[in-house]
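Shown here: model.txt, compact mmCIF, C-alpha atoms.
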# COMPACT_ATOMS: atom_id res chain seq x y z
CA MET A 11 80.40 2.68 -83.15
CA THR A 12 80.48 5.66 -80.80
CA GLU A 13 78.35 6.04 -77.70
CA SER A 14 75.71 7.92 -79.71
CA PHE A 15 73.78 4.65 -80.06
CA VAL A 16 73.05 1.73 -77.80
CA ASN A 17 70.71 -0.82 -79.34
CA GLY A 18 69.27 -4.19 -78.54
CA ALA A 19 66.34 -6.58 -78.57
CA TYR A 20 64.56 -7.96 -75.53
CA HIS A 21 62.10 -10.79 -74.98
CA MET A 22 60.45 -11.83 -71.75
CA THR A 23 57.61 -13.97 -70.49
CA GLY A 24 55.44 -13.39 -67.47
CA VAL A 25 54.16 -10.25 -65.79
CA GLN A 26 56.79 -7.70 -64.77
CA GLN A 27 56.60 -4.33 -63.06
CA VAL A 28 59.37 -1.74 -63.33
CA ALA A 29 59.31 1.18 -60.88
CA ALA A 30 59.70 4.82 -61.92
CA HIS A 31 63.19 5.53 -63.23
CA THR A 32 65.15 7.61 -65.71
CA HIS A 33 67.88 6.97 -68.30
CA VAL A 34 71.06 8.79 -69.23
CA GLY A 35 70.00 9.18 -72.86
CA SER A 36 66.77 9.44 -74.82
CA GLN A 37 65.10 6.09 -75.36
CA ILE A 38 63.08 4.80 -78.31
CA LEU A 39 61.22 1.52 -77.88
CA PHE A 40 59.54 -0.57 -80.53
CA VAL A 41 57.04 -2.83 -78.79
CA LYS A 42 56.49 -5.64 -81.28
CA SER A 43 54.09 -7.70 -79.18
CA GLY A 44 52.63 -7.84 -75.71
CA ARG A 45 50.53 -5.53 -73.56
CA LEU A 46 52.02 -2.71 -71.56
CA HIS A 47 50.72 -0.23 -68.99
CA LEU A 48 53.06 2.76 -69.20
CA THR A 49 53.42 5.99 -67.23
CA ILE A 50 55.69 8.78 -68.51
CA SER A 51 55.81 11.91 -66.38
CA ASN A 52 52.10 12.50 -65.68
CA GLN A 53 50.71 10.69 -68.71
CA THR A 54 49.54 7.08 -68.83
CA TYR A 55 49.20 4.77 -71.83
CA GLU A 56 47.87 1.30 -72.53
CA VAL A 57 50.03 -0.21 -75.27
CA THR A 58 48.24 -3.13 -76.93
CA ARG A 59 49.44 -2.96 -80.55
CA PRO A 60 52.84 -2.65 -82.26
CA SER A 61 53.99 0.83 -81.24
CA ILE A 62 56.95 3.19 -81.01
CA ILE A 63 57.53 4.89 -77.63
CA PHE A 64 59.67 8.01 -77.14
CA ILE A 65 61.10 8.82 -73.69
CA SER A 66 63.55 11.65 -73.05
CA ASP A 67 66.19 11.56 -70.32
CA LEU A 68 64.27 14.30 -68.47
CA GLU A 69 61.20 12.10 -68.03
CA ARG A 70 60.53 9.58 -65.28
CA HIS A 71 58.71 6.51 -66.46
CA ALA A 72 57.39 3.24 -65.11
CA PHE A 73 55.68 0.30 -66.74
CA SER A 74 53.91 -2.99 -66.12
CA VAL A 75 53.98 -5.83 -68.62
CA LEU A 76 50.55 -7.45 -68.76
CA GLY A 77 50.13 -10.99 -69.99
CA ASP A 78 52.58 -13.73 -70.80
CA GLU A 79 54.80 -12.30 -73.52
CA TYR A 80 56.62 -9.07 -74.31
CA ASP A 81 58.91 -8.44 -77.29
CA ARG A 82 60.63 -5.13 -77.85
CA TYR A 83 63.59 -3.47 -79.49
CA TYR A 84 65.24 -0.50 -77.80
CA LEU A 85 67.47 2.34 -78.87
CA TYR A 86 69.31 4.78 -76.59
CA LEU A 87 70.58 8.06 -78.03
CA SER A 88 73.07 10.37 -76.37
CA ARG A 89 72.36 14.09 -76.16
CA SER A 90 75.23 14.77 -78.55
CA PHE A 91 73.53 12.75 -81.27
CA PRO A 92 71.67 15.64 -83.02
CA GLU A 93 74.97 17.50 -83.34
CA ARG A 94 76.16 15.02 -85.96
CA GLY A 95 74.47 17.35 -88.44
CA LEU A 96 73.42 14.77 -91.05
CA LEU A 97 69.67 15.09 -90.56
CA ASN A 98 67.02 17.82 -90.50
CA PRO A 99 66.52 19.03 -86.90
CA VAL A 100 62.75 18.47 -87.17
CA LEU A 101 63.43 14.72 -87.15
CA PHE A 102 64.84 14.99 -83.61
CA SER A 103 61.73 16.67 -82.19
CA PRO A 104 60.23 13.55 -80.53
CA LEU A 105 63.51 13.03 -78.64
CA ARG A 106 63.68 16.51 -77.15
CA HIS A 107 60.43 18.45 -77.51
CA ARG A 108 57.14 18.10 -75.63
CA PRO A 109 54.64 20.62 -77.05
CA ALA A 110 51.04 20.72 -75.86
CA GLY A 111 49.19 17.54 -76.82
CA PHE A 112 52.36 15.48 -77.34
CA ARG A 113 51.83 11.73 -77.12
CA HIS A 114 54.79 9.49 -76.35
CA VAL A 115 53.25 6.43 -78.03
CA VAL A 116 52.63 6.00 -81.77
CA GLU A 117 50.95 2.91 -83.19
CA VAL A 118 52.84 1.82 -86.31
CA GLY A 119 49.99 -0.14 -87.92
CA GLU A 120 50.81 -1.50 -91.36
CA ASN A 121 54.37 -0.17 -91.01
CA SER A 122 55.22 -2.72 -88.31
CA ASP A 123 57.38 -4.93 -90.57
CA ALA A 124 59.31 -1.95 -91.93
CA VAL A 125 59.89 -0.57 -88.42
CA GLU A 126 61.12 -3.93 -87.16
CA SER A 127 63.48 -4.25 -90.13
CA LEU A 128 65.01 -0.82 -89.39
CA PHE A 129 65.47 -1.67 -85.70
CA ARG A 130 67.14 -4.95 -86.64
CA GLU A 131 69.50 -3.13 -88.98
CA LEU A 132 70.29 -0.58 -86.26
CA CYS A 133 71.00 -3.36 -83.78
CA MET A 134 73.37 -5.08 -86.20
CA GLU A 135 75.12 -1.81 -87.03
CA ALA A 136 75.62 -1.00 -83.36
CA GLY A 137 77.37 -4.31 -82.84
CA SER A 138 79.60 -4.14 -85.90
CA GLU A 139 82.87 -2.40 -86.65
CA GLN A 140 82.24 -1.87 -90.33
CA PRO A 141 83.55 1.30 -92.03
CA PHE A 142 81.18 4.27 -91.73
CA GLY A 143 79.09 2.42 -89.15
CA ASP A 144 78.01 5.60 -87.38
CA GLU A 145 77.03 7.27 -90.62
CA ARG A 146 74.92 4.31 -91.72
CA ALA A 147 73.25 4.09 -88.31
CA ILE A 148 72.35 7.78 -88.50
CA LEU A 149 70.86 7.30 -91.95
CA LEU A 150 68.85 4.29 -90.75
CA PHE A 151 67.62 6.38 -87.84
CA GLY A 152 66.65 9.12 -90.29
CA GLU A 153 64.72 6.61 -92.40
CA LEU A 154 62.86 5.46 -89.28
CA MET A 155 61.95 9.00 -88.27
CA ILE A 156 60.82 9.94 -91.78
CA LEU A 157 58.55 6.88 -91.81
CA LEU A 158 57.06 7.97 -88.48
CA TYR A 159 56.75 11.59 -89.63
CA ARG A 160 54.68 10.48 -92.60
CA ARG A 161 52.46 8.40 -90.34
CA ALA A 162 52.12 10.87 -87.45
CA PRO A 163 53.33 14.39 -88.34
CA ALA A 164 51.73 15.86 -85.19
CA LEU A 165 54.37 14.00 -83.16
CA PHE A 166 57.00 16.36 -84.56
CA GLY A 167 55.30 19.59 -83.52
CA PRO A 168 53.87 22.53 -85.50
CA VAL A 169 57.21 24.29 -85.99
CA SER A 170 59.38 25.24 -88.94
CA ASP A 171 62.86 23.92 -89.63
CA ASP A 172 64.32 27.26 -88.50
CA SER A 173 62.36 27.22 -85.23
CA SER A 174 63.44 23.66 -84.47
CA ALA A 175 67.06 24.50 -85.22
CA LEU A 176 66.96 27.57 -82.97
CA VAL A 177 65.37 25.73 -80.06
CA LEU A 178 67.84 22.84 -80.41
CA ALA A 179 70.69 25.36 -80.36
CA VAL A 180 69.32 26.95 -77.17
CA GLN A 181 68.92 23.51 -75.62
CA ARG A 182 72.53 22.64 -76.45
CA ARG A 183 73.64 25.93 -74.90
CA LEU A 184 71.78 25.14 -71.69
CA GLU A 185 73.14 21.59 -71.65
CA THR A 186 76.77 22.63 -72.11
CA GLY A 187 76.56 25.63 -69.77
CA PHE A 188 74.31 24.18 -67.05
CA ALA A 189 76.91 24.85 -64.34
CA GLU A 190 76.97 28.58 -65.20
CA ARG A 191 74.63 31.26 -63.91
CA ILE A 192 72.22 31.59 -66.85
CA THR A 193 69.35 34.07 -67.14
CA LEU A 194 66.68 34.36 -69.82
CA THR A 195 67.81 37.90 -70.66
CA ALA A 196 71.45 36.89 -71.14
CA LEU A 197 70.46 33.88 -73.22
CA ALA A 198 68.25 36.01 -75.48
CA GLU A 199 71.07 38.50 -76.02
CA GLU A 200 73.44 35.67 -76.87
CA PHE A 201 71.09 34.45 -79.62
CA HIS A 202 70.21 38.00 -80.77
CA ILE A 203 66.48 37.62 -80.17
CA SER A 204 64.06 39.17 -77.69
CA ALA A 205 63.56 37.51 -74.32
CA CYS A 206 59.79 37.49 -74.91
CA TYR A 207 60.14 35.71 -78.26
CA LEU A 208 62.63 33.18 -76.87
CA SER A 209 60.41 32.43 -73.90
CA HIS A 210 57.31 31.95 -76.07
CA LEU A 211 59.03 29.83 -78.73
CA PHE A 212 60.93 27.63 -76.28
CA LYS A 213 57.79 26.89 -74.26
CA ARG A 214 55.72 26.17 -77.36
CA VAL A 215 58.27 23.76 -78.80
CA THR A 216 59.66 21.98 -75.73
CA GLY A 217 56.73 22.19 -73.31
CA TYR A 218 59.01 23.76 -70.67
CA SER A 219 60.01 27.30 -69.85
CA VAL A 220 63.72 28.02 -70.32
CA MET A 221 64.37 27.90 -66.58
CA GLN A 222 62.26 24.79 -66.07
CA TYR A 223 64.24 23.02 -68.76
CA LEU A 224 67.56 24.13 -67.28
CA ASN A 225 66.60 22.92 -63.81
CA ARG A 226 65.35 19.58 -65.12
CA TYR A 227 68.59 19.12 -67.01
CA ARG A 228 70.60 19.95 -63.89
CA LEU A 229 68.61 17.33 -62.00
CA ALA A 230 69.38 14.80 -64.75
CA VAL A 231 73.10 15.59 -64.38
CA ALA A 232 72.81 15.16 -60.62
CA ARG A 233 71.03 11.81 -60.97
CA ASN A 234 73.76 10.52 -63.26
CA LEU A 235 76.49 11.63 -60.86
CA LEU A 236 74.71 10.06 -57.91
CA ALA A 237 74.36 6.75 -59.72
CA ALA A 238 77.74 6.60 -61.46
CA THR A 239 80.21 8.18 -59.01
CA ASN A 240 81.14 8.22 -55.34
CA ARG A 241 81.27 12.01 -55.18
CA SER A 242 79.63 13.53 -52.13
CA VAL A 243 76.16 15.01 -52.45
CA THR A 244 77.59 18.42 -51.58
CA ASP A 245 80.04 18.21 -54.49
CA ILE A 246 77.26 17.11 -56.82
CA VAL A 247 75.06 20.06 -55.83
CA PHE A 248 77.54 22.53 -57.27
CA ALA A 249 78.76 20.31 -60.10
CA ALA A 250 75.17 20.15 -61.38
CA GLY A 251 74.81 23.94 -61.28
CA PHE A 252 72.66 24.43 -58.17
CA SER A 253 73.42 27.39 -55.94
CA ASP A 254 72.86 25.67 -52.59
CA HIS A 255 72.09 22.33 -50.98
CA SER A 256 68.57 23.15 -49.75
CA ASN A 257 67.28 24.25 -53.16
CA PHE A 258 68.79 21.16 -54.73
CA SER A 259 67.31 18.77 -52.16
CA ARG A 260 63.88 20.36 -52.44
CA ALA A 261 63.88 20.20 -56.26
CA PHE A 262 65.25 16.65 -56.27
CA HIS A 263 62.62 15.36 -53.85
CA LYS A 264 59.82 17.04 -55.79
CA GLU A 265 61.00 15.45 -59.05
CA MET A 266 62.07 11.99 -57.85
CA GLY A 267 59.98 11.46 -54.71
CA CYS A 268 63.03 10.68 -52.59
CA THR A 269 66.17 12.33 -51.22
CA PRO A 270 69.45 12.27 -53.17
CA VAL A 271 70.93 9.83 -50.64
CA GLU A 272 67.94 7.49 -50.98
CA TYR A 273 68.22 7.67 -54.77
CA ARG A 274 71.90 6.76 -54.63
CA ARG A 275 71.20 3.87 -52.28
CA ARG A 276 68.59 2.46 -54.66
CA THR A 277 70.62 2.87 -57.83
CA LYS A 278 74.18 2.29 -56.75
CA GLY A 279 74.47 1.08 -53.19
CA VAL A 280 77.56 3.14 -52.38
CA ARG A 281 78.43 4.60 -49.01
CA GLN A 282 76.00 7.07 -47.45
CA GLU A 283 76.94 10.72 -47.41
Take the structure in this file and express it as structure tokens.
Amino acid sequence: MTESFVNGAYHMTGVQQVAAHTHVGSQILFVKSGRLHLTISNQTYEVTRPSIIFISDLERHAFSVLGDEYDRYYLYLSRSFPERGLLNPVLFSPLRHRPAGFRHVVEVGENSDAVESLFRELCMEAGSEQPFGDERAILLFGELMILLYRRAPALFGPVSDDSSALVLAVQRRLETGFAERITLTALAEEFHISACYLSHLFKRVTGYSVMQYLNRYRLAVARNLLAATNRSVTDIVFAAGFSDHSNFSRAFHKEMGCTPVEYRRRTKGVRQE
């Protein structure tokens, strides 16, 4: 298996609180049993029934497990995963797009057994070295998302296949060129559409303006570098695509509620800059 997937199952007993944090990839949770108080960005949820939870790598989240038991399966997906090209781009919407009214939590109801079976299969595939393991995992993921689409189509946004494909392409462009100087006008010219149309469509589909999305992605890159490397904060500022240290520090503190050095200390414990 490649790093497109990381899967597993998790069981715990007793109350647990997990402070606000982020992940390198998008996360899909299947909460089989237990009660959960969950905060994602500025939205809060009480999870009391078997549910699927979608969290992107741009979203801070925290949770409290309530009660004595908590069973879940989890799935991490890298940002390169949609580029595999085997599935309709609409099926990736809950991983990347946050249109108005988006809810991160979907109760699976009578589909609980089918959802658990698919997560089990994905977990086994992730741990195997069978031929065409990636391809089968992608198809299992597609089956899961189709099941959820049929149960909760609003989760996938009111957009056409072409709109989803265009927005995903723009997102990939921002994510590969985040260190460049990118403007809305230049981006629109690159995709041969008007800046007004791009701005409207991108906001409607993702929930962010183009520049908001770019800055959030740059912050995600910076967080990963702070946690996974010993590079100086100054180096990370420019590696993540920010023009100067003060703008970076201000944006980082607003998003994470702490300075870059404090974040590194909490997540890695390396030397102070």
Of A:Val41, A:Leu128, A:Leu211, A:Ile246, the one nearest to A:Arg59 when counting only C-alpha atoms is A:Val41
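Relative to atom CA of A:Ser66, atom CA of A:Gly44 is found at 22.5 Å.
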As a check of understanding: the span from atom CA of A:Ala261 to atom CA of A:Val220 is 16.1 Å
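In this comparison, which uses only C-alpha atoms, the residue of A:Cys206, A:Val116, A:Ala124, A:Leu85 approaching A:Pro163 most closely is A:Val116.
Comparing A:Gly119, A:Gly143, A:His33, A:Ser88 by their smallest distance to A:Thr58, the closest is A:Gly119 (using all atoms listed in the file).
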Between A:Leu229, A:Leu236, A:Ile38, A:Ala250, smallest distance to A:Gly187 by only C-alpha atoms belongs to A:Ala250
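Each of A:Leu76, A:Val118, A:Arg274, A:Arg191 was checked against A:Arg160 using all atoms listed in the file; the smallest atom-to-atom distance is that of A:Val118.
Here atom CA of A:Val125 stands at a distance of 27.0 Å from atom CA of A:Ala30.
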What's around A:Arg146 at 10 Å? Count all atoms listed in the file, leave out sequence neighbours fewer than 6 positions away in its own chain, and write the answer as an NGL selection string. :A and (131-132 or 135-136 or 140 or 152)
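Nearest-residue note for A:Asn98: choosing from A:Ala205, A:Ala175, A:Met134, A:Ala162, the minimum distance belongs to A:Ala175, counting all atoms listed in the file.
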| field | Shell of 10 Å around A:Ala249, all atoms listed in the file, local chain residues under 3 positions omitted, as JSON, numbers by chain | value | {"A": [188, 189, 190, 228, 231, 232, 235, 241, 243, 244, 245, 246, 252, 253]}
